[in-house]
Amino acid sequence: MQNIVIIDCGSQFTQLIARRVRELKIHSVVLPWDAPAERVRGLTPLGVIISGGPDSVNAQDAIAVDREVLALGVPVLGVCYGMQLMTKYLGGTVSSGGSAEYGVTPVEVKGSPRLFKGLTGGSSARLNVLMSHGDHVAAVPEGFMVTAATDNGVIAAMEDREGRRFGLQFHPEVAHTEHGMDILRNFLFDVCGCQGDWKLEDWVDSTVREIRDRVGSGRVVCGLSGGVDSSVAAALVNRAIGPQLECVFVDHGLMRLHEAEQVMAS
């Protein structure tokens, strides 16, 4: 199974990136920011996406992804904070303040960079994209070229001349970004070489078989809050072993009006 690893730096959009990758029929795995490079390598990914986050890369206690992730020999796409972190690691410059941008912003794409393949027609093109950043890349690392910028002169996209490392200051995974899925598609298929043959149904079937084999004739207790994680876990285990599963829901009195009843009904 082909994998794309997404490293979560705290962005509210990390799970949406994972969803977009899966919508393109590619399996994705989300790892925390402090996952060692060897853990990433162990998943044999065809590519890595480093997500955005609320930190400033220039802060002393900023989130710091394992530098060796950039040396795994697979393509890397840095989104927002991920682009800034890549810039800092590779010798570029990230500046704080002065050019903060939030909301839909027009950017101009120059030439035919690899991530924007098929979107520019060989000349400049303007796209509306979703920006959400305080810091910005002031100078790209050696060996990189600027492939898009805002009207304020903020670097919006970069890629290295070897075609293995890419950065986007904007969020391609959101609906507000024009051609965002095309940009992700270019990275996943053209750069990483993904085939797009993964099916969620296949994963569900294999997971159900794995649970059934592991539990055997035993019984399972599931703490069920009603949230997405525990509900999906309960549904999968229930499909695998049926009445051998006992779900426990605790109404602690701090839920929204009638939410406890809805969870119990579900």
# chains A, B, ... in the order shown; residues from 1 in each chain; ligands from 1

$ select_by_dssp --residues "range 12-171 of chain A" --states "strand (DSSP E)" --output "MDAnalysis selection string"
chainID A and resid 27:32 45:50 76:79 93:95 101:109 125:133 136:139 144:150 155:160 165:168

$ closest_atom_pairs --of "range 173-237 of chain A" --to "range 113-118 of chain A" --cutoff "6 Å" --atoms "only C-alpha atoms" --output "Markdown table"
| residue | atom | partner | partner_atom | distance |
| --- | --- | --- | --- | --- |
| A:Ile183 | CA | A:Leu115 | CA | 5.5 |
| A:Asn186 | CA | A:Leu115 | CA | 5.5 |
| A:Phe187 | CA | A:Leu115 | CA | 6.0 |

$ write_last_selection --atoms "C-alpha atoms" --output "PDB file, in the first residue's frame"
ATOM      1  CA  ILE A 183      -1.782  21.506  -6.826  1.00  0.00           C
ATOM      2  CA  ASN A 186       0.545  17.444  -9.048  1.00  0.00           C
ATOM      3  CA  PHE A 187       2.569  16.805  -5.896  1.00  0.00           C
TER       4      PHE A 187
END

$ residues_around --residues "Thr93 in chain A" --least-positions-apart "5" --cutoff "9 Å" --atoms "only C-alpha atoms" --output "tab-separated table (two decimals) with all heavy atoms, in the first residue's frame"
chain	number	residue	atom	x	y	z
A	84	GLN	N	7.95	27.39	6.18
A	84	GLN	CA	8.87	28.23	6.94
A	84	GLN	C	9.92	27.38	7.66
A	84	GLN	O	11.10	27.75	7.71
A	84	GLN	CB	8.08	29.07	7.94
A	84	GLN	CG	7.12	30.04	7.28
A	84	GLN	CD	6.12	30.63	8.24
A	84	GLN	OE1	6.24	30.46	9.46
A	84	GLN	NE2	5.11	31.32	7.73
A	87	THR	N	12.44	26.22	5.18
A	87	THR	CA	13.31	27.34	4.83
A	87	THR	C	14.39	27.54	5.87
A	87	THR	O	15.58	27.68	5.55
A	87	THR	CB	12.47	28.62	4.70
A	87	THR	OG1	11.52	28.47	3.63
A	87	THR	CG2	13.36	29.83	4.42
A	88	LYS	N	14.00	27.53	7.14
A	88	LYS	CA	14.97	27.72	8.22
A	88	LYS	C	15.99	26.60	8.26
A	88	LYS	O	17.20	26.84	8.40
A	88	LYS	CB	14.23	27.81	9.55
A	88	LYS	CG	15.15	28.08	10.74
A	88	LYS	CD	14.36	28.21	12.03
A	88	LYS	CE	15.29	28.47	13.21
A	88	LYS	NZ	14.54	28.61	14.49
A	136	HIS	N	6.83	35.12	7.49
A	136	HIS	CA	6.89	34.85	6.06
A	136	HIS	C	8.33	34.56	5.66
A	136	HIS	O	9.28	34.94	6.36
A	136	HIS	CB	6.36	36.04	5.26
A	136	HIS	CG	7.19	37.28	5.39
A	136	HIS	ND1	7.09	38.14	6.46
A	136	HIS	CD2	8.16	37.81	4.58
A	136	HIS	CE1	7.94	39.13	6.32
A	136	HIS	NE2	8.60	38.96	5.20
A	137	VAL	N	8.48	33.88	4.55
A	137	VAL	CA	9.81	33.58	4.02
A	137	VAL	C	10.35	34.84	3.34
A	137	VAL	O	9.76	35.33	2.37
A	137	VAL	CB	9.75	32.41	3.02
A	137	VAL	CG1	11.12	32.21	2.36
A	137	VAL	CG2	9.31	31.13	3.72
A	138	ALA	N	11.45	35.34	3.87
A	138	ALA	CA	12.07	36.55	3.30
A	138	ALA	C	13.09	36.21	2.23
A	138	ALA	O	13.29	36.98	1.28
A	138	ALA	CB	12.73	37.36	4.42
A	139	ALA	N	13.74	35.05	2.37
A	139	ALA	CA	14.72	34.60	1.38
A	139	ALA	C	14.69	33.08	1.32
A	139	ALA	O	14.80	32.42	2.35
A	139	ALA	CB	16.12	35.10	1.73
A	140	VAL	N	14.52	32.54	0.12
A	140	VAL	CA	14.45	31.08	-0.01
A	140	VAL	C	15.84	30.48	0.13
A	140	VAL	O	16.86	31.17	-0.08
A	140	VAL	CB	13.83	30.69	-1.38
A	140	VAL	CG1	12.42	31.24	-1.50
A	140	VAL	CG2	14.69	31.17	-2.54
A	141	PRO	N	15.94	29.20	0.49
A	141	PRO	CA	17.25	28.56	0.62
A	141	PRO	C	17.98	28.48	-0.72
A	141	PRO	O	17.37	28.57	-1.79
A	141	PRO	CB	16.89	27.16	1.15
A	141	PRO	CG	15.52	27.27	1.70
A	141	PRO	CD	14.83	28.31	0.88

$ residues_around --residues "Leu46 in chain A" --least-positions-apart "5" --cutoff "7 Å" --atoms "only C-alpha atoms" --output "VMD selection string"
chain A and resid 2 to 4 74 192

$ write_last_selection --atoms "C-alpha atoms" --output "mmCIF file, in the first residue's frame"
data_model
loop_
_atom_site.group_PDB
_atom_site.id
_atom_site.type_symbol
_atom_site.label_atom_id
_atom_site.label_comp_id
_atom_site.auth_asym_id
_atom_site.auth_seq_id
_atom_site.Cartn_x
_atom_site.Cartn_y
_atom_site.Cartn_z
ATOM 1 C CA GLN A 2 1.360 3.399 -1.004
ATOM 2 C CA ASN A 3 1.654 5.898 1.839
ATOM 3 C CA ILE A 4 1.875 9.649 2.223
ATOM 4 C CA VAL A 74 11.394 11.268 -0.765
ATOM 5 C CA CYS A 192 5.681 11.417 -5.679
#

$ closest_residue --among "A:Leu24, A:Val232, A:Leu254, A:Leu90" --to "Ser266 in chain A" --atoms "only C-alpha atoms"
A:Val232

$ select_by_dssp --residues "range 61-191 of chain A" --states "alpha helix (DSSP H)" --output "ChimeraX atom specification"
/A:81-89,180-185

$ write_last_selection --atoms "all heavy atoms" --output "short mmCIF file (atom, residue, chain, number, x, y, z; two decimals), in the first residue's frame"
data_model
loop_
_atom_site.label_atom_id
_atom_site.label_comp_id
_atom_site.auth_asym_id
_atom_site.auth_seq_id
_atom_site.Cartn_x
_atom_site.Cartn_y
_atom_site.Cartn_z
N TYR A 81 3.47 26.86 7.94
CA TYR A 81 4.55 26.68 8.92
C TYR A 81 5.57 25.66 8.40
O TYR A 81 6.77 25.80 8.62
CB TYR A 81 3.98 26.24 10.26
CG TYR A 81 5.00 26.09 11.36
CD1 TYR A 81 5.39 27.19 12.13
CD2 TYR A 81 5.57 24.85 11.65
CE1 TYR A 81 6.33 27.06 13.15
CE2 TYR A 81 6.51 24.71 12.67
CZ TYR A 81 6.88 25.81 13.41
OH TYR A 81 7.80 25.67 14.42
N GLY A 82 5.07 24.64 7.72
CA GLY A 82 5.97 23.63 7.16
C GLY A 82 6.94 24.22 6.15
O GLY A 82 8.12 23.84 6.10
N MET A 83 6.47 25.17 5.35
CA MET A 83 7.35 25.85 4.40
C MET A 83 8.39 26.69 5.13
O MET A 83 9.57 26.71 4.77
CB MET A 83 6.52 26.74 3.47
CG MET A 83 7.32 27.68 2.58
SD MET A 83 6.23 28.64 1.51
CE MET A 83 7.38 29.83 0.81
N GLN A 84 7.95 27.39 6.18
CA GLN A 84 8.87 28.23 6.94
C GLN A 84 9.92 27.38 7.66
O GLN A 84 11.10 27.75 7.71
CB GLN A 84 8.08 29.07 7.94
CG GLN A 84 7.12 30.04 7.28
CD GLN A 84 6.12 30.63 8.24
OE1 GLN A 84 6.24 30.46 9.46
NE2 GLN A 84 5.11 31.32 7.73
N LEU A 85 9.50 26.24 8.20
CA LEU A 85 10.44 25.36 8.89
C LEU A 85 11.48 24.81 7.91
O LEU A 85 12.68 24.75 8.20
CB LEU A 85 9.67 24.22 9.55
CG LEU A 85 10.37 23.43 10.65
CD1 LEU A 85 10.71 24.33 11.83
CD2 LEU A 85 9.48 22.27 11.12
N MET A 86 11.01 24.39 6.72
CA MET A 86 11.92 23.91 5.69
C MET A 86 12.92 24.99 5.31
O MET A 86 14.13 24.73 5.17
CB MET A 86 11.12 23.47 4.46
CG MET A 86 11.97 22.93 3.33
SD MET A 86 11.00 22.63 1.82
CE MET A 86 9.82 21.42 2.41
N THR A 87 12.44 26.22 5.18
CA THR A 87 13.31 27.34 4.83
C THR A 87 14.39 27.54 5.87
O THR A 87 15.58 27.68 5.55
CB THR A 87 12.47 28.62 4.70
OG1 THR A 87 11.52 28.47 3.63
CG2 THR A 87 13.36 29.83 4.42
N LYS A 88 14.00 27.53 7.14
CA LYS A 88 14.97 27.72 8.22
C LYS A 88 15.99 26.60 8.26
O LYS A 88 17.20 26.84 8.40
CB LYS A 88 14.23 27.81 9.55
CG LYS A 88 15.15 28.08 10.74
CD LYS A 88 14.36 28.21 12.03
CE LYS A 88 15.29 28.47 13.21
NZ LYS A 88 14.54 28.61 14.49
N TYR A 89 15.54 25.35 8.11
CA TYR A 89 16.45 24.21 8.17
C TYR A 89 17.47 24.23 7.03
O TYR A 89 18.61 23.79 7.20
CB TYR A 89 15.66 22.91 8.10
CG TYR A 89 14.98 22.51 9.39
CD1 TYR A 89 14.16 21.38 9.44
CD2 TYR A 89 15.14 23.23 10.56
CE1 TYR A 89 13.54 20.98 10.61
CE2 TYR A 89 14.52 22.85 11.74
CZ TYR A 89 13.71 21.72 11.76
OH TYR A 89 13.09 21.33 12.91
N GLY A 180 -6.65 24.21 -5.68
CA GLY A 180 -5.92 23.59 -4.58
C GLY A 180 -5.74 22.09 -4.77
O GLY A 180 -4.65 21.54 -4.56
N MET A 181 -6.80 21.42 -5.21
CA MET A 181 -6.71 19.97 -5.43
C MET A 181 -5.80 19.65 -6.60
O MET A 181 -5.11 18.63 -6.60
CB MET A 181 -8.10 19.38 -5.65
CG MET A 181 -8.94 19.29 -4.39
SD MET A 181 -8.23 18.19 -3.13
CE MET A 181 -8.58 16.58 -3.84
N ASP A 182 -5.77 20.52 -7.61
CA ASP A 182 -4.85 20.30 -8.74
C ASP A 182 -3.40 20.40 -8.28
O ASP A 182 -2.54 19.65 -8.73
CB ASP A 182 -5.12 21.33 -9.84
CG ASP A 182 -6.48 21.15 -10.49
OD1 ASP A 182 -6.91 19.99 -10.65
OD2 ASP A 182 -7.12 22.16 -10.82
N ILE A 183 -3.14 21.35 -7.36
CA ILE A 183 -1.78 21.51 -6.83
C ILE A 183 -1.39 20.26 -6.03
O ILE A 183 -0.28 19.72 -6.19
CB ILE A 183 -1.69 22.77 -5.96
CG1 ILE A 183 -1.88 24.02 -6.83
CG2 ILE A 183 -0.35 22.83 -5.21
CD1 ILE A 183 -2.06 25.30 -6.05
N LEU A 184 -2.29 19.78 -5.17
CA LEU A 184 -2.02 18.55 -4.42
C LEU A 184 -1.87 17.36 -5.35
O LEU A 184 -1.00 16.51 -5.16
CB LEU A 184 -3.14 18.29 -3.42
CG LEU A 184 -3.19 19.19 -2.19
CD1 LEU A 184 -4.44 18.89 -1.36
CD2 LEU A 184 -1.95 19.00 -1.33
N ARG A 185 -2.70 17.32 -6.37
CA ARG A 185 -2.62 16.21 -7.34
C ARG A 185 -1.27 16.21 -8.04
O ARG A 185 -0.66 15.14 -8.23
CB ARG A 185 -3.77 16.35 -8.35
CG ARG A 185 -3.91 15.14 -9.28
CD ARG A 185 -5.10 15.30 -10.22
NE ARG A 185 -6.37 15.16 -9.51
CZ ARG A 185 -7.21 16.17 -9.24
NH1 ARG A 185 -6.90 17.40 -9.63
NH2 ARG A 185 -8.34 15.95 -8.61
#

$ residues_around --residues "Leu72 in chain A" --least-positions-apart "2" --cutoff "8 Å" --atoms "only C-alpha atoms" --output "list in words"
Ala37, Arg41, Glu68, Val69, Leu70 and Val74 of chain A

$ residues_around --residues "Gly10 in chain A" --least-positions-apart "2" --cutoff "10 Å" --atoms "only C-alpha atoms" --output "list in words"
Ile7, Asp8, Gln12, Phe13, Thr14, Pro32, Trp33, Ser51, Gly52, Gly53, Pro54, Asp55, Ile63 and Tyr81 of chain A

$ atom_distance --atom1 "CA of Arg67 in chain A" --atom2 "CA of Val174 in chain A"
27.1 Å

$ residues_around --residues "Val109 in chain A" --least-positions-apart "3" --cutoff "8 Å" --atoms "only C-alpha atoms" --output "PyMOL selection string"
chain A and resi 112+116+120+124-127+147-149

$ write_last_selection --atoms "N, CA, C and O atoms" --output "mmCIF file, in the first residue's frame"
data_model
loop_
_atom_site.group_PDB
_atom_site.id
_atom_site.type_symbol
_atom_site.label_atom_id
_atom_site.label_comp_id
_atom_site.auth_asym_id
_atom_site.auth_seq_id
_atom_site.Cartn_x
_atom_site.Cartn_y
_atom_site.Cartn_z
ATOM 1 N N SER A 112 6.174 27.903 -15.368
ATOM 2 C CA SER A 112 5.462 26.625 -15.229
ATOM 3 C C SER A 112 6.122 25.766 -14.168
ATOM 4 O O SER A 112 6.706 24.714 -14.467
ATOM 5 N N PHE A 116 2.481 23.678 -10.079
ATOM 6 C CA PHE A 116 1.402 24.382 -10.766
ATOM 7 C C PHE A 116 1.259 23.906 -12.206
ATOM 8 O O PHE A 116 0.703 24.612 -13.044
ATOM 9 N N THR A 120 -0.838 27.190 -15.567
ATOM 10 C CA THR A 120 -0.307 28.471 -16.011
ATOM 11 C C THR A 120 -0.204 28.604 -17.521
ATOM 12 O O THR A 120 -0.108 29.718 -18.027
ATOM 13 N N SER A 124 2.491 33.621 -16.834
ATOM 14 C CA SER A 124 2.029 33.944 -15.493
ATOM 15 C C SER A 124 0.536 33.666 -15.356
ATOM 16 O O SER A 124 -0.219 33.685 -16.321
ATOM 17 N N ALA A 125 0.117 33.391 -14.141
ATOM 18 C CA ALA A 125 -1.296 33.153 -13.850
ATOM 19 C C ALA A 125 -1.587 33.659 -12.449
ATOM 20 O O ALA A 125 -0.706 33.690 -11.588
ATOM 21 N N ARG A 126 -2.812 34.074 -12.217
ATOM 22 C CA ARG A 126 -3.218 34.558 -10.903
ATOM 23 C C ARG A 126 -4.247 33.605 -10.316
ATOM 24 O O ARG A 126 -5.169 33.153 -11.004
ATOM 25 N N LEU A 127 -4.030 33.285 -9.048
ATOM 26 C CA LEU A 127 -4.934 32.399 -8.331
ATOM 27 C C LEU A 127 -5.311 33.061 -7.013
ATOM 28 O O LEU A 127 -4.500 33.765 -6.408
ATOM 29 N N THR A 147 8.232 30.562 -6.883
ATOM 30 C CA THR A 147 7.309 30.211 -7.965
ATOM 31 C C THR A 147 5.974 30.942 -7.884
ATOM 32 O O THR A 147 5.183 30.871 -8.816
ATOM 33 N N ALA A 148 5.724 31.645 -6.774
ATOM 34 C CA ALA A 148 4.499 32.440 -6.668
ATOM 35 C C ALA A 148 4.694 33.469 -5.563
ATOM 36 O O ALA A 148 5.428 33.238 -4.596
ATOM 37 N N ALA A 149 4.023 34.631 -5.720
ATOM 38 C CA ALA A 149 4.119 35.694 -4.723
ATOM 39 C C ALA A 149 2.819 36.478 -4.690
ATOM 40 O O ALA A 149 2.055 36.494 -5.666
#

$ atom_distance --atom1 "CA of Thr207 in chain A" --atom2 "CA of Asn238 in chain A"
11.8 Å

$ atom_distance --atom1 "CA of Leu188 in chain A" --atom2 "CA of Ala62 in chain A"
28.2 Å

$ decode --residues "range 104-122 of chain A" --atoms "N, CA, C and O atoms" --output "PDB file, in the first residue's frame"
ATOM      1  N   VAL A 104      -8.569  35.151   1.951  1.00  0.00           N
ATOM      2  CA  VAL A 104      -8.341  34.878   0.537  1.00  0.00           C
ATOM      3  C   VAL A 104      -7.484  35.997  -0.057  1.00  0.00           C
ATOM      4  O   VAL A 104      -7.794  37.188   0.070  1.00  0.00           O
ATOM      5  N   THR A 105      -6.398  35.603  -0.716  1.00  0.00           N
ATOM      6  CA  THR A 105      -5.402  36.550  -1.230  1.00  0.00           C
ATOM      7  C   THR A 105      -4.999  36.133  -2.646  1.00  0.00           C
ATOM      8  O   THR A 105      -4.744  34.953  -2.886  1.00  0.00           O
ATOM      9  N   PRO A 106      -4.915  37.057  -3.591  1.00  0.00           N
ATOM     10  CA  PRO A 106      -4.438  36.696  -4.933  1.00  0.00           C
ATOM     11  C   PRO A 106      -2.922  36.516  -4.950  1.00  0.00           C
ATOM     12  O   PRO A 106      -2.184  37.269  -4.299  1.00  0.00           O
ATOM     13  N   VAL A 107      -2.470  35.504  -5.670  1.00  0.00           N
ATOM     14  CA  VAL A 107      -1.036  35.299  -5.872  1.00  0.00           C
ATOM     15  C   VAL A 107      -0.771  35.164  -7.357  1.00  0.00           C
ATOM     16  O   VAL A 107      -1.642  34.745  -8.126  1.00  0.00           O
ATOM     17  N   GLU A 108       0.437  35.523  -7.756  1.00  0.00           N
ATOM     18  CA  GLU A 108       0.829  35.398  -9.154  1.00  0.00           C
ATOM     19  C   GLU A 108       1.862  34.296  -9.294  1.00  0.00           C
ATOM     20  O   GLU A 108       2.873  34.281  -8.593  1.00  0.00           O
ATOM     21  N   VAL A 109       1.575  33.370 -10.191  1.00  0.00           N
ATOM     22  CA  VAL A 109       2.471  32.246 -10.474  1.00  0.00           C
ATOM     23  C   VAL A 109       3.270  32.574 -11.721  1.00  0.00           C
ATOM     24  O   VAL A 109       2.718  33.018 -12.738  1.00  0.00           O
ATOM     25  N   LYS A 110       4.583  32.365 -11.652  1.00  0.00           N
ATOM     26  CA  LYS A 110       5.455  32.678 -12.776  1.00  0.00           C
ATOM     27  C   LYS A 110       5.928  31.403 -13.463  1.00  0.00           C
ATOM     28  O   LYS A 110       6.315  30.436 -12.809  1.00  0.00           O
ATOM     29  N   GLY A 111       5.899  31.429 -14.788  1.00  0.00           N
ATOM     30  CA  GLY A 111       6.408  30.296 -15.539  1.00  0.00           C
ATOM     31  C   GLY A 111       5.540  29.069 -15.379  1.00  0.00           C
ATOM     32  O   GLY A 111       4.323  29.155 -15.238  1.00  0.00           O
ATOM     33  N   SER A 112       6.174  27.903 -15.368  1.00  0.00           N
ATOM     34  CA  SER A 112       5.462  26.625 -15.229  1.00  0.00           C
ATOM     35  C   SER A 112       6.122  25.766 -14.168  1.00  0.00           C
ATOM     36  O   SER A 112       6.706  24.714 -14.467  1.00  0.00           O
ATOM     37  N   PRO A 113       6.056  26.182 -12.914  1.00  0.00           N
ATOM     38  CA  PRO A 113       6.638  25.363 -11.842  1.00  0.00           C
ATOM     39  C   PRO A 113       5.902  24.033 -11.723  1.00  0.00           C
ATOM     40  O   PRO A 113       4.733  23.903 -12.118  1.00  0.00           O
ATOM     41  N   ARG A 114       6.583  23.050 -11.182  1.00  0.00           N
ATOM     42  CA  ARG A 114       6.071  21.689 -11.184  1.00  0.00           C
ATOM     43  C   ARG A 114       4.765  21.548 -10.412  1.00  0.00           C
ATOM     44  O   ARG A 114       3.861  20.835 -10.844  1.00  0.00           O
ATOM     45  N   LEU A 115       4.650  22.238  -9.269  1.00  0.00           N
ATOM     46  CA  LEU A 115       3.422  22.113  -8.486  1.00  0.00           C
ATOM     47  C   LEU A 115       2.226  22.743  -9.180  1.00  0.00           C
ATOM     48  O   LEU A 115       1.085  22.382  -8.898  1.00  0.00           O
ATOM     49  N   PHE A 116       2.481  23.678 -10.079  1.00  0.00           N
ATOM     50  CA  PHE A 116       1.402  24.382 -10.766  1.00  0.00           C
ATOM     51  C   PHE A 116       1.259  23.906 -12.206  1.00  0.00           C
ATOM     52  O   PHE A 116       0.703  24.612 -13.044  1.00  0.00           O
ATOM     53  N   LYS A 117       1.733  22.726 -12.481  1.00  0.00           N
ATOM     54  CA  LYS A 117       1.683  22.159 -13.835  1.00  0.00           C
ATOM     55  C   LYS A 117       0.246  22.134 -14.360  1.00  0.00           C
ATOM     56  O   LYS A 117      -0.668  21.690 -13.689  1.00  0.00           O
ATOM     57  N   GLY A 118       0.072  22.642 -15.560  1.00  0.00           N
ATOM     58  CA  GLY A 118      -1.249  22.647 -16.175  1.00  0.00           C
ATOM     59  C   GLY A 118      -2.132  23.804 -15.764  1.00  0.00           C
ATOM     60  O   GLY A 118      -3.251  23.943 -16.250  1.00  0.00           O
ATOM     61  N   LEU A 119      -1.621  24.664 -14.873  1.00  0.00           N
ATOM     62  CA  LEU A 119      -2.442  25.775 -14.385  1.00  0.00           C
ATOM     63  C   LEU A 119      -2.022  27.113 -14.968  1.00  0.00           C
ATOM     64  O   LEU A 119      -2.771  28.089 -14.881  1.00  0.00           O
ATOM     65  N   THR A 120      -0.838  27.190 -15.567  1.00  0.00           N
ATOM     66  CA  THR A 120      -0.307  28.471 -16.011  1.00  0.00           C
ATOM     67  C   THR A 120      -0.204  28.604 -17.521  1.00  0.00           C
ATOM     68  O   THR A 120      -0.108  29.718 -18.027  1.00  0.00           O
ATOM     69  N   GLY A 121      -0.223  27.507 -18.233  1.00  0.00           N
ATOM     70  CA  GLY A 121      -0.116  27.600 -19.683  1.00  0.00           C
ATOM     71  C   GLY A 121       1.217  28.149 -20.161  1.00  0.00           C
ATOM     72  O   GLY A 121       1.325  28.714 -21.239  1.00  0.00           O
ATOM     73  N   GLY A 122       2.252  28.032 -19.323  1.00  0.00           N
ATOM     74  CA  GLY A 122       3.579  28.487 -19.732  1.00  0.00           C
ATOM     75  C   GLY A 122       3.830  29.953 -19.487  1.00  0.00           C
ATOM     76  O   GLY A 122       4.886  30.472 -19.831  1.00  0.00           O
TER      77      GLY A 122
END
